[in-house]
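Trainee: Coordinates in structure-v9.cif, mmCIF, C-alpha atoms, are listed below.
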data_final
#
loop_
_atom_site.label_atom_id
_atom_site.label_comp_id
_atom_site.auth_asym_id
_atom_site.auth_seq_id
_atom_site.Cartn_x
_atom_site.Cartn_y
_atom_site.Cartn_z
CA MET K 1 -44.95 -0.78 55.29
CA GLU K 2 -45.60 1.84 52.65
CA THR K 3 -42.93 2.88 50.16
CA THR K 4 -42.73 6.37 48.76
CA LYS K 5 -42.37 6.48 45.00
CA ARG K 6 -40.44 9.48 43.66
CA VAL K 7 -42.37 11.75 41.38
CA ILE K 8 -40.76 12.76 38.12
CA ASN K 9 -40.95 16.51 37.66
CA ILE K 10 -39.47 18.74 34.98
CA SER K 11 -35.96 19.87 36.09
CA GLY K 12 -35.94 17.11 38.69
CA LYS K 13 -32.57 15.46 39.41
CA PHE K 14 -31.90 11.72 39.36
CA GLY K 15 -28.21 11.30 39.95
CA SER K 16 -26.49 13.08 37.05
CA TRP K 17 -29.74 13.21 35.05
CA THR K 18 -31.87 16.34 34.82
CA VAL K 19 -35.42 15.82 33.55
CA ILE K 20 -36.22 17.92 30.47
CA GLU K 21 -39.47 16.49 29.12
CA LYS K 22 -41.86 13.61 29.74
CA GLN K 23 -42.74 11.40 26.76
CA GLY K 24 -45.11 8.66 27.93
CA LYS K 25 -43.19 5.86 29.63
CA GLN K 26 -39.93 7.55 28.72
CA VAL K 27 -38.33 10.75 29.91
CA LEU K 28 -35.94 12.98 27.98
CA CYS K 29 -33.03 13.63 30.30
CA LYS K 30 -29.80 15.57 30.11
CA CYS K 31 -26.69 14.25 31.79
CA ASP K 32 -24.25 16.52 33.60
CA CYS K 33 -21.74 15.74 30.82
CA GLY K 34 -24.14 17.27 28.25
CA THR K 35 -25.56 14.08 26.73
CA GLN K 36 -29.34 14.00 26.13
CA LYS K 37 -31.11 10.66 26.12
CA LEU K 38 -34.55 9.06 26.47
CA VAL K 39 -34.72 7.04 29.70
CA TYR K 40 -37.53 4.81 30.99
CA SER K 41 -39.32 6.38 33.93
CA HIS K 42 -39.03 3.34 36.18
CA THR K 43 -35.23 3.20 35.78
CA LEU K 44 -35.05 6.73 37.13
CA THR K 45 -37.35 6.13 40.08
CA ASN K 46 -35.74 2.84 41.12
CA GLY K 47 -32.23 4.29 40.81
CA ARG K 48 -31.03 1.95 38.06
CA SER K 49 -30.21 4.84 35.73
CA THR K 50 -28.24 7.72 37.17
CA ASN K 51 -26.14 8.87 34.18
CA CYS K 52 -25.53 8.28 30.46
CA GLY K 53 -22.60 5.98 31.19
CA CYS K 54 -19.99 8.70 31.25
CA LYS K 55 -19.03 7.86 34.82
CA LYS K 56 -17.72 4.47 33.67
CA ARG K 57 -16.09 5.94 30.59
CA LYS K 58 -14.41 8.76 32.43
CA GLU K 59 -10.82 7.82 33.10
CA SER K 60 -8.93 11.06 33.08
CA ILE K 61 -5.61 11.38 31.27
CA PRO K 62 -3.26 13.71 33.14
CA VAL K 63 -1.58 16.65 31.40
CA GLY K 64 1.91 15.75 30.22
CA VAL K 65 1.22 12.12 29.24
CA ASN K 66 2.79 11.18 25.89
CA PHE K 67 1.22 9.10 23.12
CA GLY K 68 3.85 8.70 20.41
CA ARG K 69 4.64 12.21 19.21
CA LEU K 70 1.62 13.68 21.02
CA THR K 71 1.60 15.19 24.52
CA VAL K 72 -1.68 15.95 26.34
CA ILE K 73 -1.66 19.67 27.26
CA SER K 74 -5.19 19.97 28.70
CA ASP K 75 -7.33 17.56 30.71
CA ILE K 76 -10.55 19.37 29.69
CA GLU K 77 -12.54 16.95 27.52
CA VAL K 78 -14.42 18.40 24.57
CA LYS K 79 -17.22 16.59 22.77
CA GLY K 80 -16.65 16.01 19.06
CA LYS K 81 -19.19 16.02 16.21
CA ARG K 82 -19.88 12.29 16.65
CA GLY K 83 -20.11 12.48 20.42
CA GLU K 84 -16.54 11.31 21.03
CA LEU K 85 -14.44 12.90 23.76
CA LEU K 86 -11.48 14.96 22.54
CA LEU K 87 -8.33 16.13 24.29
CA LEU K 88 -6.06 18.98 23.26
CA THR K 89 -2.59 17.69 22.40
CA LEU K 90 0.72 19.16 21.27
CA CYS K 91 2.61 17.28 18.57
CA ARG K 92 6.41 17.11 18.54
CA CYS K 93 6.35 19.11 15.29
CA GLY K 94 4.65 22.01 17.15
CA THR K 95 1.06 21.45 15.96
CA GLN K 96 -1.79 21.63 18.48
CA LYS K 97 -4.72 19.36 17.71
CA TYR K 98 -7.82 17.90 19.39
CA VAL K 99 -7.56 14.11 19.27
CA SER K 100 -10.01 11.39 20.28
CA LYS K 101 -9.33 10.27 23.81
CA ASN K 102 -10.22 6.71 22.89
CA SER K 103 -7.81 6.75 19.91
CA LEU K 104 -5.01 7.92 22.18
CA LYS K 105 -5.65 5.20 24.75
CA ARG K 106 -5.83 2.49 22.07
CA GLY K 107 -2.66 3.71 20.37
CA LEU K 108 -4.45 4.48 17.09
CA THR K 109 -3.21 8.07 16.93
CA GLN K 110 0.49 8.78 17.38
CA SER K 111 0.89 12.21 15.77
CA CYS K 112 -0.96 15.13 14.21
CA GLY K 113 -0.43 13.46 10.83
CA CYS K 114 3.24 14.37 10.43
CA LEU K 115 4.39 10.82 11.15
CA GLN K 116 2.81 9.53 7.93
CA ARG K 117 4.05 12.52 5.94
CA ASP K 118 7.60 12.00 7.21
CA SER K 119 7.40 8.32 6.27
CA LEU K 120 6.43 9.21 2.70
CA LYS K 121 9.26 11.74 2.52
CA THR K 122 11.70 9.06 3.69
CA ASP K 123 10.55 6.69 0.94
CA LYS K 124 11.00 9.41 -1.67
CA THR K 125 14.47 10.20 -0.31
CA ILE K 126 15.49 6.55 -0.54
CA HIS K 127 14.83 6.08 -4.22
CA GLY K 128 13.32 9.30 -5.63
CA HIS K 129 11.36 7.35 -8.24
CA CYS K 130 7.89 6.96 -6.71
CA LYS K 131 6.14 7.94 -9.96
CA SER K 132 8.80 6.73 -12.37
CA HIS K 133 8.56 4.12 -15.11
CA GLU K 134 11.12 2.00 -13.24
CA TYR K 135 9.07 2.04 -10.03
CA ASN K 136 5.85 1.21 -11.89
CA SER K 137 7.65 -1.64 -13.66
CA TRP K 138 8.79 -3.01 -10.30
CA LEU K 139 5.22 -2.88 -9.00
CA HIS K 140 3.95 -4.47 -12.22
CA ILE K 141 6.17 -7.57 -12.07
CA LYS K 142 5.07 -8.16 -8.48
CA ARG K 143 1.41 -7.85 -9.43
CA ILE K 144 1.64 -10.32 -12.32
CA CYS K 145 3.50 -12.79 -10.11
CA TYR K 146 1.43 -12.58 -6.92
CA ASN K 147 -1.96 -10.99 -7.66
CA LYS K 148 -4.22 -13.85 -8.77
CA ASN K 149 -6.82 -11.36 -10.01
CA HIS K 150 -4.41 -9.73 -12.49
CA HIS K 151 -5.19 -10.65 -16.11
CA GLN K 152 -1.52 -11.56 -16.73
CA TYR K 153 -1.12 -13.69 -13.60
CA LYS K 154 -1.83 -16.94 -15.49
CA TYR K 155 1.20 -16.30 -17.71
CA HIS K 156 3.53 -15.53 -14.80
CA GLY K 157 2.65 -16.34 -11.19
CA GLY K 158 0.24 -19.00 -12.44
CA CYS K 159 3.18 -20.69 -14.19
CA GLY K 160 5.40 -20.52 -11.12
CA ILE K 161 7.27 -17.34 -12.11
CA GLU K 162 8.35 -15.25 -9.11
CA VAL K 163 10.25 -12.06 -8.34
CA ASP K 164 13.73 -12.66 -6.95
CA ALA K 165 13.94 -12.25 -3.16
CA SER K 166 16.53 -9.47 -3.51
CA TRP K 167 13.99 -7.40 -5.50
CA ARG K 168 10.68 -8.40 -3.97
CA ASP K 169 10.65 -5.83 -1.15
CA ASN K 170 13.59 -3.69 -2.23
CA PHE K 171 13.05 -1.24 -5.07
CA ALA K 172 16.46 0.34 -4.53
CA GLN K 173 18.17 -2.97 -5.31
CA PHE K 174 15.96 -3.48 -8.36
CA LEU K 175 16.93 -0.04 -9.67
CA LYS K 176 20.61 -0.67 -8.95
CA ASP K 177 20.55 -3.94 -10.90
CA MET K 178 18.39 -2.77 -13.82
CA GLY K 179 19.44 0.86 -14.17
CA LEU K 180 17.21 3.53 -15.70
CA ALA K 181 14.88 2.36 -18.45
CA PRO K 182 15.54 3.91 -21.88
CA GLU K 183 12.56 5.74 -23.34
CA GLY K 184 9.97 3.45 -24.91
CA THR K 185 11.20 0.27 -23.22
CA VAL K 186 9.66 -2.22 -20.81
CA ILE K 187 11.11 -4.91 -18.59
CA SER K 188 11.40 -8.42 -19.98
CA ARG K 189 12.99 -11.76 -19.06
CA ILE K 190 15.70 -13.39 -21.16
CA ASP K 191 14.67 -16.91 -20.17
CA GLN K 192 10.87 -16.86 -20.22
CA GLU K 193 10.79 -19.96 -18.02
CA SER K 194 12.80 -18.30 -15.22
CA ASP K 195 12.03 -15.66 -12.60
CA PHE K 196 12.30 -11.89 -12.67
CA ALA K 197 15.81 -11.77 -11.28
CA PRO K 198 19.18 -10.01 -11.72
CA GLY K 199 20.87 -11.26 -14.87
CA ASN K 200 17.62 -12.56 -16.37
CA CYS K 201 15.96 -9.20 -17.05
CA LEU K 202 16.56 -6.37 -19.48
CA TRP K 203 14.83 -3.29 -20.88
CA ILE K 204 13.48 -3.98 -24.38
CA PRO K 205 11.41 -1.87 -26.83
CA ARG K 206 7.69 -2.04 -26.18
CA LYS K 207 7.09 -3.46 -29.66
CA GLU K 208 9.30 -6.46 -28.91
CA HIS K 209 7.47 -6.93 -25.63
CA TYR K 210 4.12 -7.13 -27.43
CA ARG K 211 5.58 -9.86 -29.66
CA GLN K 212 6.53 -11.84 -26.54
CA ILE K 213 3.02 -11.44 -25.10
CA HIS K 214 1.61 -12.81 -28.36
CA VAL K 215 3.86 -15.87 -28.02
CA LEU K 216 2.72 -16.39 -24.42
CA ARG K 217 -0.92 -16.32 -25.47
CA ARG K 218 -0.30 -18.79 -28.25
CA LYS K 219 1.27 -21.13 -25.71
CA GLU K 220 -1.95 -21.06 -23.72
CA PHE K 221 -3.83 -22.53 -26.71
CA PHE K 222 -1.11 -25.02 -27.63
CA ILE K 223 -0.06 -26.05 -24.14
CA SER K 224 0.61 -29.61 -25.23
CA GLN K 225 3.20 -28.46 -27.77
CA THR K 226 6.67 -27.09 -27.21
CA LEU K 227 7.18 -23.96 -29.22
CA PRO K 228 10.75 -23.91 -30.54
CA LYS K 229 12.89 -20.97 -29.58
CA PRO K 230 13.79 -18.93 -32.69
CA VAL K 231 17.35 -19.54 -33.74
CA VAL K 232 19.24 -16.43 -34.68
CA THR K 233 22.79 -16.88 -35.94
CA ASN K 234 25.61 -14.38 -35.87
CA SER K 235 25.38 -14.07 -39.64
CA GLU K 236 21.67 -13.21 -39.48
CA ILE K 237 22.30 -10.37 -37.03
CA ASN K 238 25.56 -9.49 -38.76
CA VAL K 239 27.59 -9.14 -35.55
CA SER K 240 31.08 -10.48 -35.02
CA PRO K 241 31.63 -13.23 -32.42
CA ASN K 242 33.88 -10.87 -30.44
CA ILE K 243 31.10 -8.32 -30.07
CA VAL K 244 28.64 -11.06 -29.14
CA ARG K 245 30.96 -12.26 -26.38
CA ALA K 246 31.58 -8.69 -25.17
CA ILE K 247 27.85 -7.89 -24.98
CA ILE K 248 27.11 -11.14 -23.16
CA LYS K 249 29.89 -10.34 -20.68
CA ASP K 250 28.65 -6.77 -20.08
CA HIS K 251 25.13 -8.02 -19.52
CA ALA K 252 26.38 -10.68 -17.09
CA ASN K 253 28.13 -7.87 -15.18
CA GLY K 254 24.81 -6.08 -14.72
CA GLU K 255 24.23 -3.93 -17.81
CA ALA K 256 20.51 -4.18 -18.70
CA ASN K 257 20.22 -1.13 -20.99
CA MET K 258 20.09 -2.51 -24.53
CA ASN K 259 20.23 0.96 -26.12
CA LYS K 260 23.44 1.69 -24.28
CA LEU K 261 25.02 -1.60 -25.40
CA ALA K 262 23.92 -0.97 -28.98
CA ILE K 263 25.51 2.48 -29.02
CA GLN K 264 28.68 1.22 -27.34
CA TYR K 265 29.24 -1.56 -29.90
CA LYS K 266 27.74 0.33 -32.88
CA ILE K 267 24.97 -2.16 -33.61
CA SER K 268 21.18 -1.87 -33.66
CA THR K 269 19.18 -2.17 -30.45
CA GLN K 270 17.31 -5.12 -31.94
CA ASP K 271 20.61 -6.93 -32.64
CA ALA K 272 21.67 -6.35 -29.03
CA ILE K 273 18.37 -7.77 -27.81
CA ASN K 274 18.69 -10.81 -30.08
CA ILE K 275 22.19 -11.49 -28.79
CA ILE K 276 20.96 -11.54 -25.19
CA LEU K 277 17.76 -13.44 -25.96
CA HIS K 278 19.40 -16.17 -28.04
CA HIS K 279 22.97 -16.50 -26.84
CA VAL K 280 22.66 -16.35 -23.04
#
Will you turn the file into structure tokens for me?
Mentor:
Amino acid sequence: METTKRVINISGKFGSWTVIEKQGKQVLCKCDCGTQKLVYSHTLTNGRSTNCGCKKRKESIPVGVNFGRLTVISDIEVKGKRGELLLLTLCRCGTQKYVSKNSLKRGLTQSCGCLQRDSLKTDKTIHGHCKSHEYNSWLHIKRICYNKNHHQYKYHGGCGIEVDASWRDNFAQFLKDMGLAPEGTVISRIDQESDFAPGNCLWIPRKEHYRQIHVLRRKEFFISQTLPKPVVTNSEINVSPNIVRAIIKDHANGEANMNKLAIQYKISTQDAINIILHHV
């Protein structure tokens, strides 16, 4: 029994393929969906190749189907720059946008982009300090406690220092406890062996902070020794015991602004810092 082998001619049809050009053992074909592709001649003639694969991929999404904030408003699929299929959608905010059909089906796209923008606006509304010194300080103490690649980690997280749970994921609480940082100050711990936590932190002048860093680095070289804590007496800071007790009490009640305490009790900021550092 003889079998008739189909001849491949230009413009010939093989399923959804239309022959455009012969190139040796391969044939340049164009699918009904618009895709052009080189196909082996024998796969056309034996019926193994009838389309570019679009028949399997084509699962239509009806008009009116919602994906997050997006609603499909046209079932006409448009080919994108990378060959992906796009559908026209209407976002809840009123924006029309072509979105990848695959991204919609996989749940990767939920809006025209307004969802992310609204989320950022919400964050700014919550604390209003996204670019502030206080916010950067909050990020900094988390980095030095949990980022092992940070150059200060060995002095903090590497020594077991952590950020209190009430602050770790809550900047608003951190700001409430610490208050606004006076100009030229940085966050510091009263007890250098304890965590960044309410009651153990205060805003101190940057110069004093650099002195503390120097002490920390000295401890790295003399780890086997215990560096004595400087003893500062009331007479040395020239502050009455009543004022010392009052400042300690105010700080215990949540006041972390040393400049404010200094002004309130008519003493120097450095004296206020020394009272907290050496009497708490």
Trainee: Can you give me, as a ChimeraX atom specification, the residues this file yields under the PyMOL selection byres ((chain K and resi 270) around 9)?
Mentor: /K:204-205,208,237,258-259,262,267-269,271-275
Trainee: On this file, the PyMOL selection byres ((chain K and resi 12) around 12) gives some set of residues; write that set as an MDAnalysis selection string.
Mentor: chainID K and resid 6:11 13:22 27:31 44:45
Trainee: How would you write, as an mmCIF file with C-alpha atoms, in the frame of the given file, the residues chosen by the PyMOL selection byres ((chain K and resi 112) around 12) on this structure?
Mentor:
data_model
loop_
_atom_site.group_PDB
_atom_site.id
_atom_site.type_symbol
_atom_site.label_atom_id
_atom_site.label_comp_id
_atom_site.auth_asym_id
_atom_site.auth_seq_id
_atom_site.Cartn_x
_atom_site.Cartn_y
_atom_site.Cartn_z
ATOM 1 C CA PHE K 67 1.220 9.100 23.120
ATOM 2 C CA GLY K 68 3.850 8.700 20.410
ATOM 3 C CA ARG K 69 4.640 12.210 19.210
ATOM 4 C CA LEU K 70 1.620 13.680 21.020
ATOM 5 C CA THR K 71 1.600 15.190 24.520
ATOM 6 C CA LEU K 88 -6.060 18.980 23.260
ATOM 7 C CA THR K 89 -2.590 17.690 22.400
ATOM 8 C CA LEU K 90 0.720 19.160 21.270
ATOM 9 C CA CYS K 91 2.610 17.280 18.570
ATOM 10 C CA ARG K 92 6.410 17.110 18.540
ATOM 11 C CA CYS K 93 6.350 19.110 15.290
ATOM 12 C CA GLY K 94 4.650 22.010 17.150
ATOM 13 C CA THR K 95 1.060 21.450 15.960
ATOM 14 C CA GLN K 96 -1.790 21.630 18.480
ATOM 15 C CA LYS K 97 -4.720 19.360 17.710
ATOM 16 C CA TYR K 98 -7.820 17.900 19.390
ATOM 17 C CA VAL K 99 -7.560 14.110 19.270
ATOM 18 C CA SER K 100 -10.010 11.390 20.280
ATOM 19 C CA LEU K 104 -5.010 7.920 22.180
ATOM 20 C CA LEU K 108 -4.450 4.480 17.090
ATOM 21 C CA THR K 109 -3.210 8.070 16.930
ATOM 22 C CA GLN K 110 0.490 8.780 17.380
ATOM 23 C CA SER K 111 0.890 12.210 15.770
ATOM 24 C CA GLY K 113 -0.430 13.460 10.830
ATOM 25 C CA CYS K 114 3.240 14.370 10.430
ATOM 26 C CA LEU K 115 4.390 10.820 11.150
ATOM 27 C CA GLN K 116 2.810 9.530 7.930
ATOM 28 C CA ARG K 117 4.050 12.520 5.940
ATOM 29 C CA ASP K 118 7.600 12.000 7.210
#
Trainee: Would you work out the distance separating CA of Lys81 in chain K from CA of Asn66 in chain K, expressed in Å to one decimal?
Mentor: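 Computed distance, CA of Lys81 in chain K to CA of Asn66 in chain K, equals 24.5 Å.
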Trainee: Determine the axis-aligned bounding box of all atoms of range 236-251 of chain K present in the file, pad each side by 6 Å, and express its centre and edge lengths in Å to one decimal place as lines of an AutoDock Vina configuration file.
Mentor:
center_x = 27.8
center_y = -10.0
center_z = -29.5
size_x = 24.2
size_y = 18.5
size_z = 32.0
Trainee: Pick the closest to Thr43 in chain K from K:Arg206, K:Lys25, K:Ser60, K:Trp138: which is it, counting only C-alpha atoms?
Mentor: K:Lys25
Trainee: Considering only C-alpha atoms, state which residue in the set K:Tyr265, K:Tyr135, K:Tyr146, K:Tyr40 is at the smallest distance from Ile187 in chain K.
Mentor: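 For Ile187 in chain K, the nearest of the given residues is K:Tyr135.
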